[in-house]
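*Asks:* Got a structure for you, input.txt, holding compact mmCIF, C-alpha atoms.
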# COMPACT_ATOMS: atom_id res chain seq x y z
CA VAL A 22 70.56 90.27 77.82
CA MET A 23 72.39 89.20 80.98
CA SER A 24 74.11 91.11 83.73
CA LEU A 25 76.06 90.13 86.81
CA HIS A 26 74.88 93.40 88.38
CA THR A 27 71.52 95.10 87.98
CA LYS A 28 69.71 98.15 89.34
CA ILE A 29 66.59 96.09 90.07
CA GLU A 30 66.15 96.40 93.83
CA TRP A 31 65.03 92.85 94.56
CA CYS A 32 67.71 90.86 92.76
CA ASP A 33 71.48 90.81 92.17
CA SER A 34 71.68 89.65 88.57
CA THR A 35 69.63 89.02 85.44
CA LEU A 36 69.97 86.32 82.81
CA ASN A 37 67.90 85.45 79.74
CA PRO A 38 68.01 81.83 78.59
CA GLN A 39 64.83 82.73 76.72
CA MET A 40 63.80 85.99 75.04
CA GLY A 41 60.61 87.13 73.37
CA CYS A 42 56.89 86.80 73.98
CA ASP A 43 53.71 86.12 72.01
CA GLY A 44 52.12 89.26 73.40
CA CYS A 45 49.99 90.39 76.31
CA GLU A 46 48.13 93.47 77.55
CA LEU A 47 51.44 95.37 77.34
CA TRP A 48 52.40 94.31 73.82
CA ASN A 49 50.16 93.93 70.78
CA ARG A 50 51.78 95.34 67.70
CA LYS A 51 48.64 95.00 65.56
CA GLN A 52 46.63 97.09 68.00
CA GLY A 53 49.41 99.59 68.53
CA VAL A 54 50.07 98.58 72.16
CA ARG A 55 53.81 98.90 72.85
CA ARG A 56 54.20 99.41 76.62
CA CYS A 57 56.53 96.46 77.25
CA TYR A 58 60.15 97.54 77.80
CA ALA A 59 61.40 94.13 76.66
CA GLY A 60 59.54 94.49 73.37
CA GLN A 61 60.87 98.01 72.85
CA LEU A 62 64.46 96.92 73.49
CA THR A 63 64.08 93.93 71.20
CA ASP A 64 62.78 96.16 68.41
CA ARG A 65 65.89 98.26 68.83
CA TRP A 66 68.39 95.36 68.84
CA ALA A 67 66.54 92.78 66.71
CA ASN A 68 68.77 90.67 64.45
CA HIS A 69 71.86 91.53 66.47
CA PRO A 70 73.80 88.61 67.98
CA GLY A 71 72.06 87.34 71.10
CA TRP A 72 68.66 88.83 70.22
CA PRO A 73 65.53 87.35 68.57
CA ARG A 74 64.65 88.36 65.03
CA VAL A 75 61.45 89.97 66.35
CA PHE A 76 59.96 90.07 69.84
CA GLU A 77 56.93 88.00 68.78
CA GLU A 78 59.21 85.09 67.80
CA PRO A 79 60.61 83.84 71.13
CA LYS A 80 64.05 82.25 71.03
CA LEU A 81 66.10 80.11 73.41
CA PHE A 82 69.70 80.92 74.42
CA LEU A 83 70.45 77.96 76.64
CA ASP A 84 74.23 78.38 76.42
CA ARG A 85 73.84 81.28 78.85
CA LEU A 86 73.13 78.79 81.63
CA ASP A 87 76.86 78.00 81.55
CA ASP A 88 77.56 81.57 82.66
CA LEU A 89 75.02 81.22 85.43
CA GLU A 90 76.90 78.22 86.80
CA ARG A 91 80.13 80.24 86.92
CA TRP A 92 78.70 83.14 88.90
CA PRO A 93 79.94 83.13 92.52
CA ASP A 94 77.60 82.53 95.42
CA LEU A 95 76.83 85.53 97.63
CA ARG A 96 75.42 83.67 100.62
CA GLY A 97 76.69 85.10 103.90
CA THR A 98 78.35 88.12 102.27
CA LYS A 99 77.60 91.83 102.09
CA ARG A 100 76.55 93.28 98.77
CA PRO A 101 79.05 95.62 97.08
CA THR A 102 78.69 99.25 98.06
CA SER A 103 78.20 100.14 94.40
CA ASP A 104 75.03 98.02 94.29
CA ALA A 105 73.57 99.76 97.38
CA LYS A 106 71.32 96.80 98.31
CA PRO A 107 72.03 96.11 101.99
CA TRP A 108 68.63 94.40 102.32
CA LEU A 109 70.06 91.50 100.29
CA ASP A 110 73.09 91.05 102.56
CA GLY A 111 73.59 87.45 103.64
CA LEU A 112 71.20 85.98 101.07
CA PRO A 113 72.24 83.77 98.18
CA ARG A 114 72.61 85.51 94.82
CA LEU A 115 69.12 86.36 93.54
CA VAL A 116 68.92 85.96 89.77
CA PHE A 117 65.97 87.27 87.76
CA LEU A 118 65.56 85.01 84.73
CA CYS A 119 63.87 85.81 81.42
CA ASP A 120 63.15 89.47 82.13
CA MET A 121 63.29 90.01 78.36
CA GLY A 122 60.46 87.60 77.64
CA ASP A 123 58.03 85.13 79.17
CA PRO A 124 59.42 81.65 79.90
CA TRP A 125 55.98 80.10 79.47
CA THR A 126 54.86 81.91 76.35
CA GLU A 127 52.67 79.78 74.06
CA SER A 128 54.95 79.44 71.04
CA LEU A 129 57.66 77.71 73.07
CA PRO A 130 57.39 74.03 74.01
CA LEU A 131 55.89 73.75 77.49
CA ASP A 132 58.77 71.57 78.71
CA TRP A 133 61.76 73.39 77.18
CA LEU A 134 63.16 73.95 80.67
CA ALA A 135 62.71 70.36 81.88
CA PRO A 136 66.12 68.96 80.74
CA HIS A 137 67.90 71.70 82.71
CA LEU A 138 66.08 71.45 86.04
CA ASP A 139 68.70 69.25 87.70
CA ARG A 140 71.60 71.57 86.90
CA LEU A 141 69.59 74.59 88.02
CA ALA A 142 68.59 72.86 91.25
CA ALA A 143 72.26 72.28 92.03
CA LEU A 144 73.07 76.00 91.90
CA PRO A 145 73.54 77.96 95.15
CA HIS A 146 71.54 80.87 93.73
CA ILE A 147 67.86 81.74 94.08
CA LEU A 148 66.26 81.77 90.62
CA ILE A 149 63.30 84.10 90.15
CA TRP A 150 60.86 83.51 87.29
CA LEU A 151 58.20 86.03 86.26
CA THR A 152 55.32 85.17 83.95
CA LYS A 153 51.98 86.43 82.71
CA ARG A 154 51.02 82.83 81.98
CA PRO A 155 50.98 81.08 85.38
CA HIS A 156 48.45 78.59 84.04
CA ARG A 157 51.18 77.18 81.78
CA ALA A 158 53.72 77.32 84.61
CA ARG A 159 51.24 75.35 86.69
CA GLN A 160 51.04 72.68 84.00
CA PHE A 161 54.82 72.54 83.76
CA PHE A 162 55.51 72.25 87.50
CA THR A 163 52.73 69.70 87.90
CA ALA A 164 54.63 67.45 85.48
CA HIS A 165 58.13 68.46 86.65
CA PRO A 166 58.67 69.14 90.38
CA ALA A 167 60.07 72.60 91.02
CA PRO A 168 63.55 72.88 92.56
CA ARG A 169 63.61 74.44 96.03
CA ASN A 170 65.64 77.41 94.78
CA PHE A 171 62.89 78.45 92.33
CA TRP A 172 60.75 81.49 93.13
CA LEU A 173 57.74 82.08 90.86
CA LEU A 174 56.08 85.46 90.29
CA ALA A 175 53.00 86.37 88.28
CA SER A 176 52.52 89.78 86.70
CA VAL A 177 49.25 91.59 87.43
CA THR A 178 48.48 94.95 85.82
CA SER A 179 44.76 95.43 86.55
CA GLN A 180 41.72 93.70 88.04
CA ALA A 181 41.12 92.07 84.64
CA ASN A 182 44.08 89.69 85.18
CA ILE A 183 43.93 89.17 88.96
CA HIS A 184 42.96 85.55 88.15
CA ARG A 185 46.64 84.91 87.42
CA LEU A 186 47.24 84.80 91.16
CA ASP A 187 44.77 81.93 91.50
CA ASP A 188 46.78 79.92 88.97
CA LEU A 189 49.98 80.82 90.79
CA LEU A 190 48.57 79.70 94.15
CA ALA A 191 47.61 76.38 92.58
CA THR A 192 51.11 75.77 91.19
CA PRO A 193 52.64 72.96 93.25
CA GLY A 194 56.07 72.83 94.85
CA ILE A 195 56.95 76.54 94.71
CA SER A 196 58.78 77.71 97.84
CA VAL A 197 58.13 81.43 97.34
CA ARG A 198 55.35 82.98 95.28
CA GLY A 199 55.13 86.65 94.38
CA CYS A 200 53.17 89.22 92.45
CA SER A 201 54.63 91.96 90.27
CA TYR A 202 52.24 94.92 90.06
CA GLU A 203 53.93 96.81 87.25
CA PRO A 204 52.84 98.78 85.36
CA ALA A 205 49.59 99.67 87.11
CA LEU A 206 47.07 99.89 84.28
CA GLY A 207 44.18 100.02 86.76
CA PRO A 208 43.22 99.48 90.40
CA VAL A 209 43.48 95.96 91.81
CA ASP A 210 41.85 94.38 94.85
CA PHE A 211 44.53 92.14 96.37
CA THR A 212 42.66 91.46 99.62
CA LYS A 213 41.75 87.88 98.73
CA HIS A 214 45.36 86.91 98.16
CA ILE A 215 46.96 88.52 101.22
CA PRO A 216 49.13 87.41 102.95
CA GLN A 217 50.00 84.64 100.51
CA PHE A 218 52.24 86.73 98.28
CA ALA A 219 55.22 88.98 98.31
CA VAL A 220 54.66 92.00 96.05
CA CYS A 221 57.30 93.85 94.09
CA GLY A 222 57.22 96.75 91.72
CA PRO A 223 58.58 100.23 91.15
CA ASN A 224 58.17 103.14 93.54
CA ALA A 225 54.46 103.93 93.69
CA SER A 226 54.10 106.51 90.95
CA SER A 227 50.36 106.41 90.24
CA ARG A 228 47.15 106.66 92.21
CA GLU A 229 46.37 103.01 91.44
CA GLN A 230 49.71 101.82 92.77
CA VAL A 231 49.50 103.92 95.92
CA LYS A 232 46.02 102.60 96.64
CA ALA A 233 46.91 98.97 95.94
CA LEU A 234 50.17 99.03 97.89
CA SER A 235 48.45 100.70 100.86
CA GLN A 236 45.78 98.02 100.67
CA LEU A 237 48.42 95.30 100.66
CA ALA A 238 50.19 96.75 103.68
CA ARG A 239 46.96 97.13 105.62
CA ALA A 240 45.72 93.62 104.83
CA GLY A 241 49.07 92.08 105.71
CA LEU A 242 49.29 93.88 109.04
CA ASP A 243 45.68 93.03 109.85
CA HIS A 244 46.47 89.37 109.28
CA LEU A 245 49.40 89.58 111.69
CA GLY A 246 47.40 91.51 114.26
CA ILE A 247 49.69 94.54 114.03
CA PRO A 248 48.16 98.06 114.29
CA TYR A 249 48.87 100.09 111.20
CA LEU A 250 49.27 103.80 110.53
CA THR A 251 48.14 105.38 107.31
CA PHE A 252 48.01 108.92 106.03
CA SER A 253 44.25 109.00 106.57
CA ARG A 254 44.78 108.14 110.24
CA LEU A 255 47.71 110.45 110.87
CA ARG A 256 46.23 113.47 109.08
CA PRO A 257 43.39 114.14 111.58
CA VAL A 258 45.84 113.87 114.47
CA HIS A 259 48.16 116.37 112.80
CA THR A 260 45.31 118.73 111.90
CA ASN A 261 43.82 118.68 115.39
CA ALA A 262 47.20 119.25 116.98
CA VAL A 263 47.86 122.26 114.77
CA ILE A 264 44.39 123.81 115.23
CA PHE A 265 43.79 123.19 118.92
CA ALA A 266 47.34 123.29 120.21
CA PHE A 267 49.18 125.89 118.17
CA VAL A 268 46.38 128.06 116.75
CA GLY A 269 44.30 127.82 119.92
CA ASN A 270 47.13 128.99 122.15
CA TRP A 271 47.97 131.75 119.71
CA MET A 272 44.37 133.03 119.86
CA PHE A 273 44.40 133.10 123.67
CA LEU A 274 47.69 134.94 123.58
CA CYS A 275 46.24 137.61 121.31
CA ILE A 276 43.13 137.94 123.45
CA TYR A 277 45.08 138.35 126.69
CA TYR A 278 47.39 140.89 125.08
CA SER A 279 44.87 143.04 123.23
CA LEU A 280 41.75 142.88 125.42
CA GLN A 281 43.12 144.97 128.29
CA ARG A 282 44.45 147.56 125.85
CA LEU A 283 41.20 147.83 123.91
CA CYS A 284 39.16 148.07 127.09
CA LYS A 285 41.75 150.23 128.90
CA ALA A 286 41.45 148.01 131.93
CA ARG A 287 43.90 145.73 133.61
CA MET A 288 43.15 142.03 133.86
CA TYR A 289 42.26 140.84 137.31
CA SER A 290 45.41 138.70 137.32
CA ASP A 291 48.82 140.00 136.30
CA LEU A 292 49.97 136.38 136.17
CA LEU A 293 47.57 135.59 133.31
CA SER A 294 48.77 138.66 131.47
CA LYS A 295 52.31 137.36 131.55
CA LEU A 296 51.56 133.79 130.46
As structure tokens - that is how I would like this structure written.

*Replies:*
Amino acid sequence: VMSLHTKIEWCDSTLNPQMGCDGCELWNRKQGVRRCYAGQLTDRWANHPGWPRVFEEPKLFLDRLDDLERWPDLRGTKRPTSDAKPWLDGLPRLVFLCDMGDPWTESLPLDWLAPHLDRLAALPHILIWLTKRPHRARQFFTAHPAPRNFWLLASVTSQANIHRLDDLLATPGISVRGCSYEPALGPVDFTKHIPQFAVCGPNASSREQVKALSQLARAGLDHLGIPYLTFSRLRPVHTNAVIFAFVGNWMFLCIYYSLQRLCKARMYSDLLSKL
């Protein structure tokens, strides 16, 4: 439920002052949809200390914010070798909050976080929030200005919920916005929203993810005016080089070697025969 160290590549730590969710495209028990890892873990540990009774009944654990305040700052330091995240070196500690739920799920009061904004703003860490309900986050941050150390991400799993990025873009006061494309339930056209987002997710393990991440890279580089290389561009170059350079020279070699023997006649140039 909280960890000073995590294997997630884009953060140092995780903490859950809130756990549970009312459901989404990844979790609907009545319809038999159980893709959400947080829901699966909660089913396993439900009713244990520090866990909700069931995943669909979100619960607050605000005492965990005390632990967050005690965690040391990592700004200007190298990450431990055991974490193997040199790309985070020098940054403040990045903390992923509420990865076991949705902080803006409907059954929680919209402003449950408001009394704690000042203490969170005073922390040296970067606090990363991920939600599938950016429309509620937008309402919250419209009424309560977001601290500068808050990063807000929206989860997109298919084209059917790409509209979440529009709500995220309209959320005021957020210093860094991001999109989590995980899991990829279908292809997504991100072109409209590039380069306004950072995108995170697992290693591309499906055709949809490969296509979408390639699209993101291309659109971002186009915006910056940087030429890009893709497999579809490199493949013809490789194929032509193999066919016309290697295979072509090999064919000429065979012709020069065998022709004079088949015809029982020397070539007019001994030099060509030796090439």

*Asks:* Given only C-alpha atoms as the basis, pick out the residue of A:Cys57, A:Leu89, A:Cys119, A:Leu189 nearest to Leu144 of chain A.

*Replies:*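 For Leu144 of chain A, the nearest of the given residues is A:Leu89.
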
*Asks:* Would you mind telling me which residue in A:Thr102, A:Arg55, A:Ser34, A:Leu190 lies nearest to His146 of chain A when using only C-alpha atoms?

*Replies:*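 Among the listed residues, A:Ser34 lies closest to His146 of chain A.
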
*Asks:* Pick the closest to Tyr58 of chain A from A:Asn261, A:Ala105, A:Pro204, A:Leu283: which is it, counting only C-alpha atoms?

*Replies:*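 Residue with the minimum atom-to-atom distance to Tyr58 of chain A: A:Pro204.
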
*Asks:* Report as number ranges by chain all protein, DNA and RNA residues lying within 10 Å of Cys45 of chain A, evaluated on all atoms listed in the file, omitting residues in the same chain fewer than 4 positions from it.

*Replies:* A: 49, 54-57, 126, 153-154

*Asks:* With distances taken over all atoms listed in the file, which of A:Arg85, A:Arg100, A:Arg185, A:Lys106 is nearest to Leu118 of chain A?

*Replies:* A:Arg85

*Asks:* So, counting all atoms listed in the file, which residue among A:Ser290, A:Thr163, A:Thr192, A:Ser128 is closest to Asp43 of chain A?

*Replies:*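 Of all the options, A:Ser128 lies closest to Asp43 of chain A.
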
*Asks:* Which polymer residues have any atom within 8 Å of an atom of Arg96 of chain A, counting all atoms listed in the file, with same-chain residues fewer than 6 positions away left out, as a PyMOL selection string?

*Replies:* chain A and resi 110-114

*Asks:* Taking all listed atoms of segment 123-142 of chain A, build the axis-aligned box, pad each of the six sides by 6 Å, then write its centre and edge lengths in Å to one decimal as AutoDock Vina command-line options.

*Replies:*
--center_x 62.1 --center_y 77.0 --center_z 81.1 --size_x 30.9 --size_y 28.2 --size_z 32.2

*Asks:* Could you please determine the separation between atom CA of Leu138 of chain A and atom CA of His165 of chain A in Å, to one decimal place?

*Replies:*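 Between these atoms lies a distance of 8.5 Å.
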
*Asks:* Using all atoms listed in the file, which residues sit within 12 Å of Ile147 of chain A once same-chain residues fewer than 6 positions away are excluded, as JSON, numbers by chain?

*Replies:* {"A": [31, 32, 33, 34, 35, 89, 94, 95, 96, 109, 112, 113, 114, 115, 116, 117, 118, 141, 168, 169, 170, 171, 172, 173, 196, 197]}

*Asks:* For those residues, write C-alpha atoms to a file as an mmCIF file, in the frame of the given file.

*Replies:*
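Just written: result.cif:
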data_model
loop_
_atom_site.group_PDB
_atom_site.id
_atom_site.type_symbol
_atom_site.label_atom_id
_atom_site.label_comp_id
_atom_site.auth_asym_id
_atom_site.auth_seq_id
_atom_site.Cartn_x
_atom_site.Cartn_y
_atom_site.Cartn_z
ATOM 1 C CA TRP A 31 65.030 92.850 94.560
ATOM 2 C CA CYS A 32 67.710 90.860 92.760
ATOM 3 C CA ASP A 33 71.480 90.810 92.170
ATOM 4 C CA SER A 34 71.680 89.650 88.570
ATOM 5 C CA THR A 35 69.630 89.020 85.440
ATOM 6 C CA LEU A 89 75.020 81.220 85.430
ATOM 7 C CA ASP A 94 77.600 82.530 95.420
ATOM 8 C CA LEU A 95 76.830 85.530 97.630
ATOM 9 C CA ARG A 96 75.420 83.670 100.620
ATOM 10 C CA LEU A 109 70.060 91.500 100.290
ATOM 11 C CA LEU A 112 71.200 85.980 101.070
ATOM 12 C CA PRO A 113 72.240 83.770 98.180
ATOM 13 C CA ARG A 114 72.610 85.510 94.820
ATOM 14 C CA LEU A 115 69.120 86.360 93.540
ATOM 15 C CA VAL A 116 68.920 85.960 89.770
ATOM 16 C CA PHE A 117 65.970 87.270 87.760
ATOM 17 C CA LEU A 118 65.560 85.010 84.730
ATOM 18 C CA LEU A 141 69.590 74.590 88.020
ATOM 19 C CA PRO A 168 63.550 72.880 92.560
ATOM 20 C CA ARG A 169 63.610 74.440 96.030
ATOM 21 C CA ASN A 170 65.640 77.410 94.780
ATOM 22 C CA PHE A 171 62.890 78.450 92.330
ATOM 23 C CA TRP A 172 60.750 81.490 93.130
ATOM 24 C CA LEU A 173 57.740 82.080 90.860
ATOM 25 C CA SER A 196 58.780 77.710 97.840
ATOM 26 C CA VAL A 197 58.130 81.430 97.340
#

*Asks:* As an exercise, work out the distance from atom CA of Asp132 of chain A to atom CA of His214 of chain A in Å and give it to one decimal place.

*Replies:*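 Separating atom CA of Asp132 of chain A from atom CA of His214 of chain A is a distance of 28.2 Å.
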
*Asks:* What is the distance between atom CA of Thr178 of chain A and atom CA of Ala205 of chain A, in Å to one decimal?

*Replies:* 5.0 Å

*Asks:* Need the shell around Val75 of chain A: protein/DNA/RNA residues with any atom at most 7 Å away, counting all atoms listed in the file. Skip same-chain ones fewer than 3 positions apart. Format as a list of chain:residue names?

*Replies:*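 The contact residues come out as A:Thr63, A:Asp64, A:Ala67, A:Glu78.
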
*Asks:* Within 12 Å of (48.8, 75.6, 89.5), all atoms listed in the file: residues as a ChimeraX atom specification?

*Replies:* /A:154-164,166-167,173,175,184-195,198

*Asks:* Identify which of the residues A:Leu274, A:Asp139, A:Leu47, A:Asp291 lies closest to Ser179 of chain A, counting only C-alpha atoms when measuring atom-to-atom distances.

*Replies:*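 For Ser179 of chain A, the nearest of the candidates is A:Leu47.
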
*Asks:* Could I get segment 189-205 of chain A rebuilt with N, CA and C atoms, written as a PDB file, in the coordinates of the input?

*Replies:*
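Resulting contents of result-v3.pdb:
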ATOM      1  N   LEU A 189      48.690  80.880  90.098  1.00  0.00           N
ATOM      2  CA  LEU A 189      49.980  80.820  90.790  1.00  0.00           C
ATOM      3  C   LEU A 189      49.855  80.094  92.118  1.00  0.00           C
ATOM      4  N   LEU A 190      48.783  80.381  92.864  1.00  0.00           N
ATOM      5  CA  LEU A 190      48.570  79.700  94.150  1.00  0.00           C
ATOM      6  C   LEU A 190      48.406  78.192  93.967  1.00  0.00           C
ATOM      7  N   ALA A 191      47.845  77.804  92.826  1.00  0.00           N
ATOM      8  CA  ALA A 191      47.610  76.380  92.580  1.00  0.00           C
ATOM      9  C   ALA A 191      48.821  75.669  92.004  1.00  0.00           C
ATOM     10  N   THR A 192      49.903  76.399  91.735  1.00  0.00           N
ATOM     11  CA  THR A 192      51.110  75.770  91.190  1.00  0.00           C
ATOM     12  C   THR A 192      51.834  75.029  92.303  1.00  0.00           C
ATOM     13  N   PRO A 193      52.061  73.737  92.153  1.00  0.00           N
ATOM     14  CA  PRO A 193      52.640  72.960  93.250  1.00  0.00           C
ATOM     15  C   PRO A 193      54.152  73.124  93.378  1.00  0.00           C
ATOM     16  N   GLY A 194      54.642  72.945  94.603  1.00  0.00           N
ATOM     17  CA  GLY A 194      56.070  72.830  94.850  1.00  0.00           C
ATOM     18  C   GLY A 194      56.871  74.104  94.837  1.00  0.00           C
ATOM     19  N   ILE A 195      56.223  75.274  94.745  1.00  0.00           N
ATOM     20  CA  ILE A 195      56.950  76.540  94.710  1.00  0.00           C
ATOM     21  C   ILE A 195      57.195  77.021  96.141  1.00  0.00           C
ATOM     22  N   SER A 196      58.450  77.304  96.474  1.00  0.00           N
ATOM     23  CA  SER A 196      58.780  77.710  97.840  1.00  0.00           C
ATOM     24  C   SER A 196      58.367  79.140  98.137  1.00  0.00           C
ATOM     25  N   VAL A 197      58.513  80.024  97.159  1.00  0.00           N
ATOM     26  CA  VAL A 197      58.130  81.430  97.340  1.00  0.00           C
ATOM     27  C   VAL A 197      57.347  81.875  96.109  1.00  0.00           C
ATOM     28  N   ARG A 198      56.169  82.438  96.349  1.00  0.00           N
ATOM     29  CA  ARG A 198      55.350  82.980  95.280  1.00  0.00           C
ATOM     30  C   ARG A 198      55.276  84.501  95.422  1.00  0.00           C
ATOM     31  N   GLY A 199      55.173  85.205  94.312  1.00  0.00           N
ATOM     32  CA  GLY A 199      55.130  86.650  94.380  1.00  0.00           C
ATOM     33  C   GLY A 199      54.283  87.230  93.272  1.00  0.00           C
ATOM     34  N   CYS A 200      53.952  88.502  93.439  1.00  0.00           N
ATOM     35  CA  CYS A 200      53.170  89.220  92.450  1.00  0.00           C
ATOM     36  C   CYS A 200      53.909  90.491  92.065  1.00  0.00           C
ATOM     37  N   SER A 201      54.051  90.726  90.772  1.00  0.00           N
ATOM     38  CA  SER A 201      54.630  91.960  90.270  1.00  0.00           C
ATOM     39  C   SER A 201      53.499  92.854  89.768  1.00  0.00           C
ATOM     40  N   TYR A 202      53.291  93.974  90.442  1.00  0.00           N
ATOM     41  CA  TYR A 202      52.240  94.920  90.060  1.00  0.00           C
ATOM     42  C   TYR A 202      52.892  96.079  89.305  1.00  0.00           C
ATOM     43  N   GLU A 203      53.195  95.825  88.051  1.00  0.00           N
ATOM     44  CA  GLU A 203      53.930  96.810  87.250  1.00  0.00           C
ATOM     45  C   GLU A 203      53.752  96.497  85.762  1.00  0.00           C
ATOM     46  N   PRO A 204      53.349  97.471  84.954  1.00  0.00           N
ATOM     47  CA  PRO A 204      52.840  98.780  85.360  1.00  0.00           C
ATOM     48  C   PRO A 204      51.402  98.667  85.834  1.00  0.00           C
ATOM     49  N   ALA A 205      50.954  99.665  86.590  1.00  0.00           N
ATOM     50  CA  ALA A 205      49.590  99.670  87.110  1.00  0.00           C
ATOM     51  C   ALA A 205      48.666 100.276  86.064  1.00  0.00           C
TER      52      ALA A 205
END
